[in-house]
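Report on one structure; see the data block that follows.
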Amino acid sequence: MAFQKAAEAIDAVWRIESARLIAGLARLVGDVGIAEDLAQDALVIALEQWPKTGVPDNPGAWLMATAKHRAIDLLRRRKMQDQKHEHVARELDAKQVSPEADLAAAIDDDVGDDLLSLIFTACHPVLSTDARVALTLRLLGGLTTEEIARAFLMPKATIQQRIVRAKRTLAAARVPFEVPRGSELAVRLGSVLEVIYLVFNEGYSATAGEDWVRPALCEDALRLGRILAELAPMEPEVHGLVALMEIQASRIRARVGPQDEPILLLQQDRGRWDHLLIGRGLAALERVEALGGAYGIYALQAAIAACHARARAPDETDWTRIVALYDALGQLLPSPVVELNRAVALGMAFGPAAGLEVIDTLRADPALEGYHLLPSVRGDLLAKLGRFEEARAELQRAAALTQNVRERDLLLKRLEAL
Amino acid sequence: MRFMTIVKSKETSTPPPQSLFDAIDKLGQEATKKGVMVGFGGLMPTALGARARLAGGKISVTDGPFSEAKEVIGGFAIYEVPSKAEALEWTRRFLQLHIEHWKGWEGEVELRQMFDGIPEGC
């Protein structure tokens, strides 16, 4: 009997190897679209052969060798046919054309750099955010078009088109397949982190919403973050993002009750938090610290999440530290939502009056107009101050503003309890 | 999906060859770099352990070694992967290393999905 069903085994091998395969090929041919086609060709050959021969002992090397042969053929053809593909021709010349051993070596060394180049290319600013997300999941995450479509609740054709267009855009803009250097690196890294966190949030918001289709996106984003952390271990914000995602993901099971109702952080059963993920998140934060402790926006949010993760019970939470972290976050990312969160922390650290003072400065902010959390937080603080009449009015307002049915139920319950 | 893989084999008096340790270490690093290995551990000889058992309403303890046991647990790894097939592929690679580095070794890896981890979608 075969070790496992060939189709499933091939699928698994593809997931494990495809990013490395595409990255190595992209460096060779200078185009991620062509690289993916070549990798797919190798996959098709595997699908034909492996069910008969069994999965080879080293399937990654097998796929790479097969794809390489096709890449070499392609480069030769191109060199002969089309002098316009000068850079490919030059590349081939640089590698002295014929000795395939050289090409093999060229494709195998510095796998890390190739993967990084692939991530930076997939998240290139020349692409729309939607395109970056789809291309990253496809090229780095090894997801099929169907899987991406299902995760984003979109038709397969839409995603397919998005990916095709993205590849065309990259080719047309002659985006070099490389890791950006110098001052460009920080900006481009920001785009990569943004894409990964966007994927994570797409899944995370679904976990307390109506559909349970998408938590897999959290896992995909986490995996991408962990990969990036090993590829760019000297970048503190990468570890910051990983820490943030690990700790947030640790709460997924605890943030929904038996009737699928959302459970707020302080009411969650901490025994249901995933302590493996918390441990990994705290370890990632330690790596930020070890790199000199330059906290960016992700590391700061992770540090806040860590304050909660470290507290065995809500009343052990270090709110004073959370206030300080929100202060720092507000400096880097001035936003009324951050300020709102800071007000909550202030209220917990120094009493409801301190929180209310900040909240009241936010009431005139047009950005928060219609944002249900503002009256919701204000209502809580007022209730704690014994100003129940005003508190009720605020909670009523919050309930009227929220779009989420379950959240409305929760607000109405709090209203009743007053 | 989170899986635990548990390695079981006959307890031998000779330790595994160093080259196997090195190869397993390399595979572990690869799985870590791919973001899928989230935990692992190796176990000391059963001589240092014990078995506690409840039978007929009575709890009893037997100190190691578990010399009567056909196979004992030698180690475990925890993977976070999109499919069981992927966990199985990592397991196959792990066993492949034994073929290459420890001639004659026989044993099995039990692969179990864990209750924890990020819940699956429908």
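Each chain of the structure tokens is named A, B, ... in the order shown, its residues numbered from 1; ligands are numbered from 1 in display order.
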
Exercise. At a cut-off of 6 Å, list the chain A residues touching chain B, using only C-alpha atoms, as a PyMOL selection string.
Key: chain A and resi 8+12+212-215+223+226-227+230

Self-check item: For Leu198 (chain A): contacts at 9 Å, only C-alpha atoms, fewer than 4 positions along chain excluded, given as a PyMOL selection string
Solution: chain A and resi 133+193-194+202-203+221

Self-check item: Residues within 12 Å of region 253-265 of chain A, only C-alpha atoms, excluding chain neighbours under 6 positions, as a PyMOL selection string
Solution: (chain A and resi 204-212+215+271-275+305+307-309+311+313-314+317+404-411) or (chain B and resi 115-120)

Just write the chosen residues, N, CA, C and O atoms, as a CSV table (one decimal), in the first residue's frame.
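Okay, selection.csv is ready:
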chain,number,residue,atom,x,y,z
A,204,TYR,N,-9.6,36.7,11.5
A,204,TYR,CA,-9.8,36.9,12.9
A,204,TYR,C,-11.2,37.5,13.1
A,204,TYR,O,-12.0,37.1,14.0
A,205,SER,N,-11.6,38.5,12.3
A,205,SER,CA,-12.9,39.2,12.5
A,205,SER,C,-14.0,38.2,12.2
A,205,SER,O,-15.1,38.3,12.8
A,206,ALA,N,-13.7,37.2,11.3
A,206,ALA,CA,-14.7,36.2,11.0
A,206,ALA,C,-14.9,35.3,12.2
A,206,ALA,O,-16.0,34.7,12.3
A,207,THR,N,-13.9,35.1,13.0
A,207,THR,CA,-14.1,34.1,14.1
A,207,THR,C,-15.1,34.5,15.2
A,207,THR,O,-15.5,33.7,16.0
A,208,ALA,N,-15.4,35.8,15.2
A,208,ALA,CA,-16.4,36.2,16.2
A,208,ALA,C,-17.6,36.8,15.4
A,208,ALA,O,-18.5,37.4,15.9
A,209,GLY,N,-17.7,36.5,14.1
A,209,GLY,CA,-18.8,37.0,13.3
A,209,GLY,C,-19.8,35.9,13.0
A,209,GLY,O,-19.9,34.9,13.8
A,210,GLU,N,-20.4,36.0,11.9
A,210,GLU,CA,-21.4,35.0,11.6
A,210,GLU,C,-20.9,33.8,10.9
A,210,GLU,O,-21.5,32.7,10.9
A,211,ASP,N,-19.8,33.9,10.2
A,211,ASP,CA,-19.3,32.8,9.4
A,211,ASP,C,-18.0,32.2,10.0
A,211,ASP,O,-17.2,33.0,10.5
A,212,TRP,N,-17.9,30.9,10.0
A,212,TRP,CA,-16.7,30.3,10.5
A,212,TRP,C,-15.9,29.7,9.4
A,212,TRP,O,-15.1,28.8,9.6
A,215,PRO,N,-11.4,31.1,9.6
A,215,PRO,CA,-10.2,31.0,10.6
A,215,PRO,C,-9.0,30.5,10.0
A,215,PRO,O,-7.9,30.8,10.5
A,271,GLY,N,-8.5,30.0,30.8
A,271,GLY,CA,-8.1,28.6,30.6
A,271,GLY,C,-8.3,28.1,29.2
A,271,GLY,O,-7.7,27.1,28.8
A,272,ARG,N,-9.2,28.8,28.5
A,272,ARG,CA,-9.4,28.4,27.1
A,272,ARG,C,-8.4,29.1,26.1
A,272,ARG,O,-8.4,28.8,24.9
A,273,TRP,N,-7.6,30.0,26.6
A,273,TRP,CA,-6.6,30.6,25.7
A,273,TRP,C,-5.6,29.5,25.4
A,273,TRP,O,-5.3,28.6,26.2
A,274,ASP,N,-5.0,29.6,24.2
A,274,ASP,CA,-4.1,28.6,23.7
A,274,ASP,C,-2.7,29.0,24.2
A,274,ASP,O,-2.0,29.9,23.7
A,275,HIS,N,-2.2,28.3,25.2
A,275,HIS,CA,-1.0,28.7,25.8
A,275,HIS,C,0.3,28.4,25.0
A,275,HIS,O,1.3,29.0,25.2
A,305,ALA,N,-1.1,43.3,24.0
A,305,ALA,CA,-1.7,42.0,24.0
A,305,ALA,C,-1.0,41.1,25.0
A,305,ALA,O,-1.7,40.3,25.7
A,307,CYS,N,0.4,42.0,27.8
A,307,CYS,CA,0.0,42.4,29.2
A,307,CYS,C,-1.2,41.6,29.6
A,307,CYS,O,-1.3,41.2,30.7
A,308,HIS,N,-2.1,41.4,28.7
A,308,HIS,CA,-3.3,40.6,29.0
A,308,HIS,C,-3.0,39.1,29.1
A,308,HIS,O,-3.4,38.4,30.0
A,309,ALA,N,-2.1,38.7,28.1
A,309,ALA,CA,-1.7,37.3,28.1
A,309,ALA,C,-1.0,36.9,29.4
A,309,ALA,O,-1.2,35.7,29.8
A,311,ALA,N,-1.4,38.1,32.4
A,311,ALA,CA,-2.3,38.2,33.6
A,311,ALA,C,-3.1,36.9,33.7
A,311,ALA,O,-3.8,36.5,32.8
A,313,ALA,N,-5.5,36.5,35.8
A,313,ALA,CA,-6.9,36.9,36.0
A,313,ALA,C,-6.9,38.4,35.6
A,313,ALA,O,-5.9,39.1,35.6
A,314,PRO,N,-8.1,38.8,35.2
A,314,PRO,CA,-8.3,40.2,34.7
A,314,PRO,C,-7.7,41.3,35.7
A,314,PRO,O,-7.1,42.2,35.3
A,317,THR,N,-4.0,42.4,35.6
A,317,THR,CA,-3.6,43.1,34.4
A,317,THR,C,-2.8,44.4,34.7
A,317,THR,O,-3.2,45.2,35.6
A,404,ASN,N,-23.6,44.8,14.2
A,404,ASN,CA,-23.5,43.4,14.5
A,404,ASN,C,-24.6,43.0,15.5
A,404,ASN,O,-24.7,43.5,16.6
A,405,VAL,N,-25.5,42.0,15.1
A,405,VAL,CA,-26.6,41.6,15.9
A,405,VAL,C,-26.2,41.1,17.3
A,405,VAL,O,-26.8,41.5,18.3
A,406,ARG,N,-25.1,40.3,17.3
A,406,ARG,CA,-24.7,39.7,18.6
A,406,ARG,C,-24.1,40.8,19.5
A,406,ARG,O,-24.3,40.7,20.7
A,407,GLU,N,-23.5,41.7,18.9
A,407,GLU,CA,-22.9,42.8,19.7
A,407,GLU,C,-24.1,43.7,20.3
A,407,GLU,O,-24.0,44.1,21.5
A,408,ARG,N,-25.1,43.8,19.5
A,408,ARG,CA,-26.3,44.6,20.0
A,408,ARG,C,-26.9,43.9,21.2
A,408,ARG,O,-27.2,44.5,22.2
A,409,ASP,N,-27.0,42.6,21.1
A,409,ASP,CA,-27.6,41.8,22.2
A,409,ASP,C,-26.8,42.0,23.5
A,409,ASP,O,-27.3,42.2,24.6
A,410,LEU,N,-25.5,42.0,23.3
A,410,LEU,CA,-24.5,42.1,24.4
A,410,LEU,C,-24.7,43.5,25.1
A,410,LEU,O,-24.8,43.6,26.3
A,411,LEU,N,-24.9,44.5,24.3
A,411,LEU,CA,-25.1,45.9,24.8
A,411,LEU,C,-26.4,46.0,25.5
A,411,LEU,O,-26.5,46.6,26.6
B,115,PHE,N,-6.9,18.8,19.8
B,115,PHE,CA,-8.1,19.5,20.1
B,115,PHE,C,-7.9,21.0,20.0
B,115,PHE,O,-8.7,21.8,19.5
B,116,ASP,N,-6.7,21.4,20.4
B,116,ASP,CA,-6.4,22.9,20.4
B,116,ASP,C,-6.0,23.3,19.0
B,116,ASP,O,-6.0,22.6,18.1
B,117,GLY,N,-5.6,24.6,19.0
B,117,GLY,CA,-5.2,25.2,17.7
B,117,GLY,C,-6.4,26.0,17.1
B,117,GLY,O,-7.4,26.0,17.7
B,118,ILE,N,-6.1,26.7,16.1
B,118,ILE,CA,-7.1,27.5,15.5
B,118,ILE,C,-8.2,26.7,14.9
B,118,ILE,O,-7.9,25.7,14.2
B,119,PRO,N,-9.4,26.9,15.3
B,119,PRO,CA,-10.5,26.0,14.8
B,119,PRO,C,-10.6,26.0,13.3
B,119,PRO,O,-10.2,27.0,12.6
B,120,GLU,N,-11.1,24.9,12.8
B,120,GLU,CA,-11.2,24.8,11.3
B,120,GLU,C,-12.5,25.5,10.9
B,120,GLU,O,-13.4,25.6,11.6

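Excluding Trp105 (chain B) and any residue on its chain fewer than 4 positions from it, the residues at most 12 Å away by only C-alpha atoms are Lys8, Ser9, Lys10, Glu11, Thr12, Thr14, Pro15, Pro16, Pro17, Leu20, Leu95, Gln96, Leu97, His98, Ile99, Glu100 and His101 of chain B.
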
Exercise. Write out as a PyMOL selection string the residues lying within 6 Å of Phe76 (chain B), counting only C-alpha atoms and excluding same-chain residues fewer than 2 positions away.
Key: chain B and resi 5-6+40-41

Selected residues written out with N, CA, C and O atoms, as a tab-separated table (two decimals), in the first residue's frame:
chain	number	residue	atom	x	y	z
B	5	THR	N	2.69	14.43	16.47
B	5	THR	CA	3.22	13.16	15.99
B	5	THR	C	4.03	12.55	17.13
B	5	THR	O	4.83	13.23	17.77
B	6	ILE	N	3.74	11.28	17.39
B	6	ILE	CA	4.37	10.60	18.52
B	6	ILE	C	5.17	9.42	17.98
B	6	ILE	O	4.61	8.54	17.31
B	40	PHE	N	8.24	20.65	19.86
B	40	PHE	CA	8.78	19.29	19.76
B	40	PHE	C	9.48	18.94	21.06
B	40	PHE	O	9.76	19.82	21.88
B	41	GLY	N	9.75	17.68	21.22
B	41	GLY	CA	10.49	17.26	22.41
B	41	GLY	C	10.95	15.83	22.26
B	41	GLY	O	10.31	15.02	21.60

Taking the DSSP assignment computed from this structure's backbone, write out as a PDB file with C-alpha atoms, in the first residue's frame all residues of chain B that belong to helix (DSSP H, G or I).
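Saved the output as result_2.pdb:
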ATOM      1  CA  GLN B  18      24.690  11.293  15.948  1.00  0.00           C
ATOM      2  CA  SER B  19      24.061  11.689  12.221  1.00  0.00           C
ATOM      3  CA  LEU B  20      20.380  10.900  12.823  1.00  0.00           C
ATOM      4  CA  PHE B  21      20.158  13.578  15.506  1.00  0.00           C
ATOM      5  CA  ASP B  22      21.784  16.041  13.130  1.00  0.00           C
ATOM      6  CA  ALA B  23      19.448  15.133  10.283  1.00  0.00           C
ATOM      7  CA  ILE B  24      16.377  15.392  12.525  1.00  0.00           C
ATOM      8  CA  ASP B  25      17.627  18.744  13.738  1.00  0.00           C
ATOM      9  CA  LYS B  26      17.974  19.938  10.154  1.00  0.00           C
ATOM     10  CA  LEU B  27      14.491  18.731   9.259  1.00  0.00           C
ATOM     11  CA  GLY B  28      13.126  20.466  12.348  1.00  0.00           C
ATOM     12  CA  GLN B  29      14.794  23.696  11.328  1.00  0.00           C
ATOM     13  CA  GLU B  30      13.293  23.395   7.882  1.00  0.00           C
ATOM     14  CA  ALA B  31       9.818  22.848   9.299  1.00  0.00           C
ATOM     15  CA  THR B  32      10.329  25.797  11.637  1.00  0.00           C
ATOM     16  CA  LYS B  33      11.445  27.983   8.730  1.00  0.00           C
ATOM     17  CA  THR B  46      12.088   4.961  30.351  1.00  0.00           C
ATOM     18  CA  ALA B  47      14.446   3.988  33.216  1.00  0.00           C
ATOM     19  CA  LEU B  48      14.029   7.580  34.396  1.00  0.00           C
ATOM     20  CA  LYS B  84      -3.470  16.080   7.624  1.00  0.00           C
ATOM     21  CA  ALA B  85      -1.723  15.138   4.373  1.00  0.00           C
ATOM     22  CA  GLU B  86       0.904  17.779   5.056  1.00  0.00           C
ATOM     23  CA  ALA B  87       1.534  16.515   8.573  1.00  0.00           C
ATOM     24  CA  LEU B  88       1.884  13.040   7.083  1.00  0.00           C
ATOM     25  CA  GLU B  89       4.412  14.295   4.521  1.00  0.00           C
ATOM     26  CA  TRP B  90       6.575  15.764   7.308  1.00  0.00           C
ATOM     27  CA  THR B  91       6.252  12.451   9.126  1.00  0.00           C
ATOM     28  CA  ARG B  92       7.337  10.544   6.026  1.00  0.00           C
ATOM     29  CA  ARG B  93      10.414  12.761   5.783  1.00  0.00           C
ATOM     30  CA  PHE B  94      11.155  12.093   9.445  1.00  0.00           C
ATOM     31  CA  LEU B  95      10.983   8.339   8.913  1.00  0.00           C
ATOM     32  CA  GLN B  96      13.002   8.633   5.710  1.00  0.00           C
ATOM     33  CA  LEU B  97      15.870   9.980   7.814  1.00  0.00           C
ATOM     34  CA  HIS B  98      15.833   6.774   9.858  1.00  0.00           C
ATOM     35  CA  ILE B  99      16.233   4.706   6.691  1.00  0.00           C
ATOM     36  CA  GLU B 100      19.272   6.777   5.804  1.00  0.00           C
ATOM     37  CA  HIS B 101      20.900   7.108   9.206  1.00  0.00           C
TER      38      HIS B 101
END

Quiz item: Quick one: residues within 9 Å of Val179 (chain A), only C-alpha atoms counted, chain neighbours fewer than 2 positions away excluded, as a list in words?
Solution: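 Residues near the query, excluding close chain neighbours: Asp113, Asp114, Leu116, Ser117, Leu118, Ile119, Phe120, Thr121, Pro176, Phe177, Arg181 and Leu185 of chain A.
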
Residues as selected, C-alpha atoms, written as a short mmCIF file (atom, residue, chain, number, x, y, z; two decimals), in the first residue's frame, can you do that?
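Final file, selection.cif:
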data_model
loop_
_atom_site.label_atom_id
_atom_site.label_comp_id
_atom_site.auth_asym_id
_atom_site.auth_seq_id
_atom_site.Cartn_x
_atom_site.Cartn_y
_atom_site.Cartn_z
CA ASP A 113 17.06 35.49 -0.33
CA ASP A 114 14.92 34.12 -3.14
CA LEU A 116 12.35 37.13 0.52
CA SER A 117 12.51 38.50 -3.02
CA LEU A 118 9.32 36.60 -3.77
CA ILE A 119 7.53 38.08 -0.75
CA PHE A 120 8.65 41.60 -1.61
CA THR A 121 7.61 41.14 -5.23
CA PRO A 176 13.07 43.57 -10.37
CA PHE A 177 13.08 40.27 -8.52
CA ARG A 181 17.92 47.77 0.06
CA LEU A 185 13.53 48.40 2.63
#

Practice problem: List every residue of chain B that DSSP, applied to the backbone of this structure, places in strand (DSSP E or B), and write the result as a PyMOL selection string. | Solution: chain B and resi 2-9+37-42+50-55+58-63+72-80+107-113

Quiz prompt | Straight-line distance linking CA of Glu147 (chain A) with CA of Thr66 (chain A), stated in Å to one decimal | solution = 25.9 Å
